[in-house]
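Colleague: My structure is below; once you've seen it, I'll send some questions.
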Amino acid sequence: MKAVVMAGGEGSRLRPITANLPKPLVPICNRPIMEHILVLLKRHGVTDVVSTLYYLGDEIQGYFGDGSDFDVAMSYSVEDTPLGTAGSVKKAEDGLKEGTFLIVSGDALTDCDITKALAFHRQKKSLATLILYRVPNPLDFGVVITDDDGRIVRFLEKPSWSEVFSDTVNTGMYILEPEVFDYMEPGKNYDWSKDIFPQILHEGKPMFGYVMDEYWCDVGSLTQYREAQEDMLGGKVNLPMPGSEVRPGVWVGANTVIEDDANLIAPIVIGRASKVKARATVGPFTAIGDNSLVMENATVERSVVWDGAYIGVNAGIHSAILGSRVTVKLDAVVREDAVVGDRCLLDAGSTIRPRIKLWPDKIIERGSIVTMSLVWGNKWRGQLFRDLGVAGLSNIEITPDFATRLGSAFGSCLPKGAKVVTSRDSTRSSRMVKRAMIASLLSVGCDVLDLRSSAVPITRHFIKASGAAGAINVRKLPGNTRVSLVEMLNSEGAYISKNLEKKVESVFFREDFKRTDPDDLGIIEFASRAVDEYKLDFFRHLAAPQGLPPLRAVCDYGFGPLAAIFPSMLSELGVESISLNAYHDAKRAPRTPDEIDAYLENLRHIVGTLGYDLGVLFVEEGERMIAVDDQGHLIQGNALFGALAMLVAQATPHARISMSVTAPSTLEDLLVREQADVVRTKADTRSLMDASSEQSVHFGGDDRGGFLFPVLHPGFDAMFAFCKLITLLRQTKTNLSELLAALPAFHQASETVRCPWEAKGAVMRVLSEETPEDGHVELLDGIKIFQNGNWVLILPDAVDPVFHVYAESSDPAESARLVSTYARKIELIQGSV
């Protein structure tokens with residue numbers, strides 16, 4: 001017996017998950033509905049299958065091919081125009097004339113006993129046998145009424161309750177004899193239930209209804225789609241589950257990794273090559289597709305998640321449906337009965353309310369609460385660049401495809417034949433992204449000077465030394481090992497201007513890339529003298545005098561790139577050093593606060609035990625540092641910045657020193673008394689670097705261990721800062737603990753307050769209008785209110801839906817009170833918006 005699988009439906013009631021996929025390919029427990037049907041047919045000996053196609057038929061042909069991968073022989077009948085449920089089968093008549101054939105829906109889930117139904121058909125010598133099913137609510141189906149012998153006596157198509165005389169409904173599965181084709185003409189539109197079966201009934205030909213006892217669901221709505229998943233997971237459907245049952249009710253695909261502390265609650269099915277991280281909770285009644293990643297402390301319960309999904313740390317998916325390649329980032333939540341279409345991105349802290357539908361390719365910004373369904377809108381976020389560059393989840397947002405287009409956009413904004421320096425950290429994801437970007441730069445005619453794996457300060461210095469037009473550096477985002485950061489630098493080694501960023505964004509979104517003749521493609525050179533040129537300028541600008549007192553230091557390189565070059569540089573300065581973690585391994589480098597604290601505790605212990613003069617931990621690819629003094633005390637934040645700033649001010653007449661708007665006024669007053677000229681900048685790193693370069697600054701820094709000396713290059717440089725520190729300490733014949741003891745205490749406090757994006761403007765307006773009578777307001781960056789010798793700064797975050805509140809006074813308790821007062825004001829204002 002042959003079978004016809006009807007696979008032409010659009011599945012419009014399942015939108016948005018069928019926006020890009022025909023309903024027969026919609027997965028139930030990680031296997032397309034139509035594949036479940038083929039498994040059922042093969043079980044009952046039916047291996048010759050014709051499939052009728054219309055909507056997205058190429059997708060179905062591409063998936064099943066000739067059927068050999070599924071142990072059946074597949075052929076296809078493609079409708080150019082809709083021919084109806086019967087007309088489409090008439091089109092395939094030539095392959096069905098030989099005898100009895102079966103028609104089955106390719107988009108309904110069933111485990112019908114076809115063998116029993118066929119035996120019934122033959123016993124009754126029926127021309128057409130309709131397979132029927134009893135349902136509790138028949139209003140949405142075609143009701144079929146039979147007599148005691150099973151002979152069909154009446155059809156009711158989607159009746160009202162007053163017309164419901166039976167609960168047996170038409171499943172769309174039929175066993176037919178070839179004579180039914182006599183009721184149709186080729187190329188015309190016919191429907192079985194409306195045209196052919198009523199005609200057979202009118203003529204009194206034998207037509208019977210077989211009432212099946214097994215499972216059937218037409219998956220006619222999103223609710224039924226989720227219910228069908230739960231029914232199959234719950235064992236109500238007699239069909240095999242994909243994967244191996246590793247324990248009762250838990251099916252796992254090949255090459256999937258479940259970490260030891262992951263919490264799996266049966267029944268669940270997880271696809272191939274997926275990963276569930278420690279402390280994540282999956283289940284019950286949950287299906288997760290192939291190549292998906294569920295991060296630490298995430299929860300996925302009673303949900304359907306398709307292939308390629310990323311569920312971030314602390315994210316929650318509750319009784320929802322997620323399409324393919326959906327990205328759910330940190331702390332995002334998807335509530336009950338919500339549906340998220342293919343390739344949507346839910347940024348950190350966002351919430352999708354119950355029953356909301358997101359059509360494919362939507363991006364929900366950080367902290368947003370979605371209260372209405374989104375059908376139209378752009379695929380891309382409005383802003384590509386964030387803070388230091390372009391950042392996104394490694395190999396999820398920042399993919400080789402994305403990197404290729406980004407590199408093409410950057411290269412298209414540079415002059416023809418421009419040189420571009422490329423560098424990276426030592427992680428595999430950074431290597432992958434950089435290589436994709438190199439290929440794209442070559443394709444638009446740029447030449448590439450590749451530094452391979454390099455410390456960021458060396459990259460910045462080499463750009464100007466090589467005469468390059470710019471650079472691309474790829475590394476992990478400081479503080480987050482999951483996120484890749486692509487930094488674009490100008491010919492001076494600073495971040496590219498906002499205007500150039502907008503040009504790159506415009507080219508990227510329009511995909512208006514330059515195309516170069518194959519004879520004019522760029523070339524790759526490997527920069528071999530970058531380190532030597534850096535050292536030469538390093539010692540020239542450091543200008544350390546000869547004959548300085550000896551100094552002993554413990555240097556923890558944190559598995560960073562400085563370990564290969566810095567010990568020999570210290571030796572040239574006459575510094576005796578001990579190296580810790582002195583080889584490059586970006587996977588082991590400390591990035592999170594807890595990891596850094598562990599390294600610092602070890603460093604403190606070693607410096608104290610050995611009695612060395614100081615210690616240093618280098619972090620963030622050689623850009624930042626944290627020190628330990630000769631007493632074993634940690635020196636970081638404003639204390640380290642203040643110590644270095646005081647040394648520079650005392651050694652350089654009328655030194656020009658830059659600091660952000662958040663730095664202590666106490667330190668500014670101290671530097672002014674040393675006749676230094678203090679330049680205040682906005683709080684972000686880019687503004688500090690730009691202002692320092694533009695205003696001929698001698699030294700600048702922040703409270704996170706980032707220090708810059710623009711005479712060498714415009715970025716942070718922990719190597720140069722550390723050598724400057726020890727050189728000035730040796731010149732003044734003092735040690736770090738004595739210098740710190742001479743500095744005043746900085747009594748600052750800070751707090752971060754969540755605030756929805758839509759309320760930020762109102763908060764800023766209200767607070768800017770509250771100028772104290774005996775104080776004044778400064779608007780360099782955020783709102784800085786001065787009063788009675790104290791100040792408080794309200795700073796809206798440019799990336800996250802939060803405000804940062806800082807305060808300084810002569811008393812730590814007063815600073816904490818000021819911060820708390822304004823944090824509560826922000827909460828009250830946003831509550832009234």
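Every chain in the structure tokens takes a letter, A first, then B, and so on in the order presented; its residues are numbered from 1, and the ligands are numbered from 1 following the presented order.
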Neighbouring residues of region 801-815 of chain A were defined as those with any atom within 10 Å, considering only C-alpha atoms; residues of the same chain fewer than 5 positions away were excluded. Please report them as a ChimeraX atom specification.
Modeller: /A:348-350,365-368,661-666,745-760,763-764,782-796,820-823,826
Colleague: Near Ser454 (chain A), counting only C-alpha atoms, which residues have an atom at most 7 Å away, once you skip same-chain residues fewer than 5 positions from it, shown as a list in words?
Modeller: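 Non-adjacent residues within range: Ser423, Arg424, Asp425, Thr459 and Pro561 of chain A.
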Colleague: Could you turn the residues from that selection into a file that holds all heavy atoms, as a PDB file, in the first residue's frame?
Modeller:
```pdb
ATOM      1  N   SER A 423      44.654  42.328  15.873  1.00  0.00           N
ATOM      2  CA  SER A 423      45.214  41.625  17.032  1.00  0.00           C
ATOM      3  C   SER A 423      44.069  41.002  17.826  1.00  0.00           C
ATOM      4  O   SER A 423      42.899  41.291  17.582  1.00  0.00           O
ATOM      5  CB  SER A 423      46.029  42.582  17.909  1.00  0.00           C
ATOM      6  OG  SER A 423      45.197  43.606  18.433  1.00  0.00           O
ATOM      7  N   ARG A 424      44.438  40.181  18.800  1.00  0.00           N
ATOM      8  CA  ARG A 424      43.432  39.460  19.587  1.00  0.00           C
ATOM      9  C   ARG A 424      44.042  38.986  20.889  1.00  0.00           C
ATOM     10  O   ARG A 424      45.268  39.041  21.081  1.00  0.00           O
ATOM     11  CB  ARG A 424      42.929  38.254  18.803  1.00  0.00           C
ATOM     12  CG  ARG A 424      44.041  37.273  18.437  1.00  0.00           C
ATOM     13  CD  ARG A 424      43.529  35.965  17.889  1.00  0.00           C
ATOM     14  NE  ARG A 424      44.603  35.095  17.412  1.00  0.00           N
ATOM     15  CZ  ARG A 424      45.331  34.302  18.180  1.00  0.00           C
ATOM     16  NH1 ARG A 424      45.107  34.262  19.490  1.00  0.00           N
ATOM     17  NH2 ARG A 424      46.288  33.542  17.669  1.00  0.00           N
ATOM     18  N   ASP A 425      43.178  38.483  21.784  1.00  0.00           N
ATOM     19  CA  ASP A 425      43.688  37.731  22.922  1.00  0.00           C
ATOM     20  C   ASP A 425      43.836  36.266  22.487  1.00  0.00           C
ATOM     21  O   ASP A 425      43.677  35.942  21.313  1.00  0.00           O
ATOM     22  CB  ASP A 425      42.783  37.900  24.151  1.00  0.00           C
ATOM     23  CG  ASP A 425      41.389  37.300  23.959  1.00  0.00           C
ATOM     24  OD1 ASP A 425      41.212  36.460  23.055  1.00  0.00           O
ATOM     25  OD2 ASP A 425      40.475  37.681  24.712  1.00  0.00           O
ATOM     26  N   THR A 459      49.400  46.817  20.814  1.00  0.00           N
ATOM     27  CA  THR A 459      48.598  47.062  19.613  1.00  0.00           C
ATOM     28  C   THR A 459      48.400  48.557  19.397  1.00  0.00           C
ATOM     29  O   THR A 459      48.586  49.066  18.284  1.00  0.00           O
ATOM     30  CB  THR A 459      47.230  46.363  19.729  1.00  0.00           C
ATOM     31  OG1 THR A 459      47.428  44.960  19.856  1.00  0.00           O
ATOM     32  CG2 THR A 459      46.368  46.648  18.512  1.00  0.00           C
ATOM     33  N   PRO A 561      49.173  38.327  28.366  1.00  0.00           N
ATOM     34  CA  PRO A 561      50.208  38.400  27.331  1.00  0.00           C
ATOM     35  C   PRO A 561      51.485  39.111  27.760  1.00  0.00           C
ATOM     36  O   PRO A 561      52.487  39.046  27.048  1.00  0.00           O
ATOM     37  CB  PRO A 561      49.506  39.185  26.211  1.00  0.00           C
ATOM     38  CG  PRO A 561      48.495  40.024  26.925  1.00  0.00           C
ATOM     39  CD  PRO A 561      48.027  39.198  28.086  1.00  0.00           C
TER      40      PRO A 561
END
```
Colleague: For Ser324 (chain A), which residue out of A:Val531, A:Pro267, A:Phe709, A:Pro27 is the nearest one, using only C-alpha atoms?
Modeller: A:Pro27
Colleague: What does the distance from CA of Ala73 (chain A) to CA of Tyr55 (chain A) come to in Å, to one decimal?
Modeller: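 Between CA of Ala73 (chain A) and CA of Tyr55 (chain A) the gap works out to 21.6 Å.
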Colleague: I'd like the interatomic distance between CA of Ala128 (chain A) and CA of Glu203 (chain A), to a tenth of an Å.
Modeller: 12.8 Å
Colleague: Which residues in region 87-332 of chain A does DSSP call strand (DSSP E)? List them as a VMD selection string.
Modeller: chain A and resid 101 to 105 109 to 110 128 to 134 142 to 146 152 to 157 168 to 176 207 to 211 216 to 217 244 to 247 250 to 252 257 to 258 263 to 264 268 to 270 275 to 276 281 to 282 286 to 288 293 to 294 299 to 301 304 to 305 310 to 311 316 to 318 321 to 322 327 to 328
Colleague: Tell me, as a list in words, which residues lie within 7 Å of region 208-215 of chain A, counting only C-alpha atoms; anything in the same chain fewer than 6 positions away does not count.
Modeller: Thr110, Asp111, Cys112, Ala117, Ser126, Ala128, Thr129, Leu130, Ile131, Leu132, Tyr133, Thr146, Gly150, Arg151, Ile152 and Val237 of chain A
Colleague: Can you write just those residues out, N, CA and C atoms, as a PDB file, in the first residue's frame?
Modeller:
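Saved as selection_23.pdb:
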```pdb
ATOM      1  N   THR A 110      -0.113  11.618  15.493  1.00  0.00           N
ATOM      2  CA  THR A 110      -0.939  10.454  15.794  1.00  0.00           C
ATOM      3  C   THR A 110      -0.084   9.197  15.869  1.00  0.00           C
ATOM      4  N   ASP A 111      -0.602   8.198  16.594  1.00  0.00           N
ATOM      5  CA  ASP A 111       0.011   6.863  16.597  1.00  0.00           C
ATOM      6  C   ASP A 111      -1.024   5.824  16.176  1.00  0.00           C
ATOM      7  N   CYS A 112      -1.910   6.243  15.290  1.00  0.00           N
ATOM      8  CA  CYS A 112      -3.017   5.390  14.828  1.00  0.00           C
ATOM      9  C   CYS A 112      -2.511   4.013  14.379  1.00  0.00           C
ATOM     10  N   ALA A 117      -6.933  -0.299  10.936  1.00  0.00           N
ATOM     11  CA  ALA A 117      -7.828   0.498  10.093  1.00  0.00           C
ATOM     12  C   ALA A 117      -7.940  -0.085   8.694  1.00  0.00           C
ATOM     13  N   SER A 126     -15.025  -1.245   1.535  1.00  0.00           N
ATOM     14  CA  SER A 126     -15.361   0.176   1.445  1.00  0.00           C
ATOM     15  C   SER A 126     -14.630   0.837   0.279  1.00  0.00           C
ATOM     16  N   ALA A 128     -14.290   4.189   0.411  1.00  0.00           N
ATOM     17  CA  ALA A 128     -13.553   5.202   1.173  1.00  0.00           C
ATOM     18  C   ALA A 128     -13.817   4.984   2.657  1.00  0.00           C
ATOM     19  N   THR A 129     -12.748   4.880   3.418  1.00  0.00           N
ATOM     20  CA  THR A 129     -12.873   4.753   4.873  1.00  0.00           C
ATOM     21  C   THR A 129     -12.229   5.970   5.521  1.00  0.00           C
ATOM     22  N   LEU A 130     -13.023   6.660   6.336  1.00  0.00           N
ATOM     23  CA  LEU A 130     -12.524   7.829   7.059  1.00  0.00           C
ATOM     24  C   LEU A 130     -12.120   7.379   8.456  1.00  0.00           C
ATOM     25  N   ILE A 131     -10.943   7.719   8.874  1.00  0.00           N
ATOM     26  CA  ILE A 131     -10.495   7.399  10.232  1.00  0.00           C
ATOM     27  C   ILE A 131     -10.971   8.515  11.147  1.00  0.00           C
ATOM     28  N   LEU A 132     -11.750   8.149  12.152  1.00  0.00           N
ATOM     29  CA  LEU A 132     -12.414   9.110  13.024  1.00  0.00           C
ATOM     30  C   LEU A 132     -11.806   9.058  14.431  1.00  0.00           C
ATOM     31  N   TYR A 133     -12.088  10.119  15.187  1.00  0.00           N
ATOM     32  CA  TYR A 133     -11.545  10.208  16.550  1.00  0.00           C
ATOM     33  C   TYR A 133     -12.567  10.934  17.421  1.00  0.00           C
ATOM     34  N   THR A 146     -22.145   8.074  11.965  1.00  0.00           N
ATOM     35  CA  THR A 146     -22.209   6.732  11.375  1.00  0.00           C
ATOM     36  C   THR A 146     -23.353   5.933  11.991  1.00  0.00           C
ATOM     37  N   GLY A 150     -21.070   1.244  11.245  1.00  0.00           N
ATOM     38  CA  GLY A 150     -19.929   2.085  10.895  1.00  0.00           C
ATOM     39  C   GLY A 150     -20.085   2.804   9.578  1.00  0.00           C
ATOM     40  N   ARG A 151     -21.223   2.600   8.886  1.00  0.00           N
ATOM     41  CA  ARG A 151     -21.440   3.261   7.593  1.00  0.00           C
ATOM     42  C   ARG A 151     -21.763   4.735   7.845  1.00  0.00           C
ATOM     43  N   ILE A 152     -21.144   5.615   7.063  1.00  0.00           N
ATOM     44  CA  ILE A 152     -21.340   7.047   7.241  1.00  0.00           C
ATOM     45  C   ILE A 152     -22.690   7.450   6.682  1.00  0.00           C
ATOM     46  N   VAL A 237       1.610   9.077  23.700  1.00  0.00           N
ATOM     47  CA  VAL A 237       1.753   8.826  22.264  1.00  0.00           C
ATOM     48  C   VAL A 237       2.726   7.668  22.074  1.00  0.00           C
TER      49      VAL A 237
END
```
Colleague: Which residues are close to Ile103 (chain A), i.e. within 8 Å by only C-alpha atoms, leaving aside same-chain residues fewer than 2 positions away? Reply as a short mmCIF file (atom, residue, chain, number, x, y, z; two decimals) with N, CA and C atoms, in the first residue's frame.
Modeller:
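Final output, around_17.cif:
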```cif
data_model
loop_
_atom_site.label_atom_id
_atom_site.label_comp_id
_atom_site.auth_asym_id
_atom_site.auth_seq_id
_atom_site.Cartn_x
_atom_site.Cartn_y
_atom_site.Cartn_z
N ALA A 3 1.13 5.53 0.45
CA ALA A 3 0.55 6.56 1.31
C ALA A 3 0.78 7.92 0.69
N VAL A 4 -0.20 8.80 0.89
CA VAL A 4 -0.07 10.21 0.51
C VAL A 4 -0.01 11.02 1.80
N VAL A 5 1.06 11.78 1.97
CA VAL A 5 1.19 12.65 3.14
C VAL A 5 0.87 14.08 2.70
N MET A 6 -0.21 14.62 3.23
CA MET A 6 -0.64 15.97 2.87
C MET A 6 0.22 16.98 3.63
N PHE A 101 -4.89 2.98 -1.27
CA PHE A 101 -3.85 3.89 -0.76
C PHE A 101 -4.38 4.63 0.46
N SER A 105 -2.47 13.16 7.19
CA SER A 105 -2.05 14.55 7.32
C SER A 105 -0.60 14.60 7.82
N GLY A 172 -8.77 13.65 8.97
CA GLY A 172 -8.01 13.92 7.76
C GLY A 172 -7.20 12.73 7.28
N MET A 173 -7.42 11.55 7.91
CA MET A 173 -6.77 10.31 7.46
C MET A 173 -7.82 9.43 6.78
N TYR A 174 -7.51 8.99 5.57
CA TYR A 174 -8.47 8.22 4.78
C TYR A 174 -7.78 7.02 4.13
N ILE A 175 -8.54 5.92 3.99
CA ILE A 175 -8.10 4.77 3.21
C ILE A 175 -9.04 4.70 2.00
N LEU A 176 -8.45 4.80 0.81
CA LEU A 176 -9.25 4.98 -0.39
C LEU A 176 -8.90 3.96 -1.46
#
```
Colleague: Excluding region 280-286 of chain A and residues on its chain fewer than 4 positions from it, collect all residues at most 6 Å away from it, counting only C-alpha atoms, and give them as a short mmCIF file (atom, residue, chain, number, x, y, z; two decimals) with all heavy atoms, in the first residue's frame.
Modeller:
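Output below, filename around.cif:
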```cif
data_model
loop_
_atom_site.label_atom_id
_atom_site.label_comp_id
_atom_site.auth_asym_id
_atom_site.auth_seq_id
_atom_site.Cartn_x
_atom_site.Cartn_y
_atom_site.Cartn_z
N GLU A 230 3.65 17.87 25.62
CA GLU A 230 3.49 17.29 26.96
C GLU A 230 2.91 15.88 26.87
O GLU A 230 3.30 15.00 27.65
CB GLU A 230 2.63 18.21 27.82
CG GLU A 230 3.28 19.57 28.09
CD GLU A 230 2.57 20.35 29.19
OE1 GLU A 230 1.62 19.80 29.78
OE2 GLU A 230 2.98 21.49 29.46
N ALA A 262 23.66 20.11 37.20
CA ALA A 262 22.43 20.49 36.50
C ALA A 262 21.24 19.70 37.06
O ALA A 262 21.37 18.53 37.43
CB ALA A 262 22.57 20.24 35.00
N ASN A 263 20.10 20.34 37.11
CA ASN A 263 18.90 19.74 37.69
C ASN A 263 17.92 19.41 36.57
O ASN A 263 17.29 20.31 36.00
CB ASN A 263 18.26 20.71 38.70
CG ASN A 263 17.04 20.11 39.38
OD1 ASN A 263 16.91 18.89 39.46
ND2 ASN A 263 16.15 20.97 39.85
N LEU A 264 17.80 18.12 36.24
CA LEU A 264 16.90 17.68 35.18
C LEU A 264 15.68 17.03 35.82
O LEU A 264 15.82 16.07 36.59
CB LEU A 264 17.59 16.68 34.25
CG LEU A 264 18.90 17.14 33.59
CD1 LEU A 264 19.39 16.07 32.62
CD2 LEU A 264 18.72 18.48 32.89
N ILE A 265 14.48 17.56 35.51
CA ILE A 265 13.24 17.06 36.09
C ILE A 265 12.42 16.40 34.99
O ILE A 265 11.94 17.06 34.06
CB ILE A 265 12.44 18.21 36.74
CG1 ILE A 265 13.30 18.97 37.76
CG2 ILE A 265 11.18 17.67 37.40
CD1 ILE A 265 12.63 20.19 38.33
N ALA A 266 12.26 15.08 35.06
CA ALA A 266 11.54 14.33 34.02
C ALA A 266 10.06 14.72 34.02
O ALA A 266 9.51 15.13 35.06
CB ALA A 266 11.71 12.84 34.28
N PRO A 267 9.42 14.58 32.83
CA PRO A 267 9.99 14.13 31.56
C PRO A 267 10.55 15.30 30.75
O PRO A 267 9.95 16.36 30.69
CB PRO A 267 8.79 13.51 30.85
CG PRO A 267 7.62 14.31 31.35
CD PRO A 267 7.94 14.68 32.77
N ILE A 268 11.67 15.07 30.09
CA ILE A 268 12.28 16.08 29.22
C ILE A 268 12.99 15.38 28.07
O ILE A 268 13.33 14.20 28.17
CB ILE A 268 13.31 16.98 29.97
CG1 ILE A 268 14.45 16.13 30.53
CG2 ILE A 268 12.66 17.81 31.03
CD1 ILE A 268 15.59 16.95 31.08
N GLU A 296 24.27 28.67 33.54
CA GLU A 296 24.15 28.48 34.99
C GLU A 296 22.91 29.19 35.55
O GLU A 296 22.62 30.33 35.18
CB GLU A 296 25.39 28.99 35.71
CG GLU A 296 26.67 28.21 35.42
CD GLU A 296 27.44 28.76 34.25
OE1 GLU A 296 26.85 29.53 33.46
OE2 GLU A 296 28.64 28.42 34.11
N ASN A 297 22.20 28.50 36.45
CA ASN A 297 21.06 29.05 37.19
C ASN A 297 19.88 29.43 36.30
O ASN A 297 18.95 30.09 36.77
CB ASN A 297 21.49 30.26 38.04
CG ASN A 297 22.52 29.91 39.07
OD1 ASN A 297 22.35 28.95 39.82
ND2 ASN A 297 23.61 30.66 39.13
N ALA A 298 19.90 29.04 35.04
CA ALA A 298 18.74 29.28 34.19
C ALA A 298 17.66 28.24 34.51
O ALA A 298 17.94 27.15 35.00
CB ALA A 298 19.13 29.21 32.72
N THR A 299 16.41 28.60 34.20
CA THR A 299 15.28 27.69 34.42
C THR A 299 14.47 27.61 33.13
O THR A 299 14.08 28.63 32.57
CB THR A 299 14.37 28.19 35.56
OG1 THR A 299 15.13 28.24 36.77
CG2 THR A 299 13.18 27.28 35.74
N VAL A 300 14.24 26.38 32.68
CA VAL A 300 13.37 26.14 31.52
C VAL A 300 12.36 25.08 31.94
O VAL A 300 12.72 23.93 32.15
CB VAL A 300 14.17 25.67 30.29
CG1 VAL A 300 13.25 25.60 29.07
CG2 VAL A 300 15.35 26.59 30.01
N GLU A 301 11.10 25.47 32.05
CA GLU A 301 10.09 24.54 32.53
C GLU A 301 8.84 24.58 31.65
O GLU A 301 8.42 25.63 31.19
CB GLU A 301 9.71 24.85 33.99
CG GLU A 301 9.19 26.26 34.20
CD GLU A 301 8.82 26.53 35.64
OE1 GLU A 301 8.81 25.58 36.44
OE2 GLU A 301 8.53 27.70 35.96
N ARG A 302 8.28 23.40 31.39
CA ARG A 302 7.05 23.26 30.60
C ARG A 302 7.10 24.09 29.32
O ARG A 302 6.14 24.76 28.95
CB ARG A 302 5.82 23.63 31.42
CG ARG A 302 5.56 22.69 32.58
CD ARG A 302 4.27 22.95 33.30
NE ARG A 302 4.04 21.96 34.33
CZ ARG A 302 3.45 20.77 34.16
NH1 ARG A 302 3.03 20.43 32.95
NH2 ARG A 302 3.30 19.93 35.17
N SER A 303 8.24 24.05 28.65
CA SER A 303 8.46 24.90 27.49
C SER A 303 9.01 24.10 26.31
O SER A 303 9.51 22.99 26.47
CB SER A 303 9.42 26.04 27.84
OG SER A 303 8.87 26.89 28.82
N VAL A 304 8.91 24.71 25.13
CA VAL A 304 9.45 24.14 23.91
C VAL A 304 10.51 25.11 23.39
O VAL A 304 10.23 26.28 23.12
CB VAL A 304 8.37 23.94 22.85
CG1 VAL A 304 8.96 23.28 21.61
CG2 VAL A 304 7.21 23.12 23.40
#
```
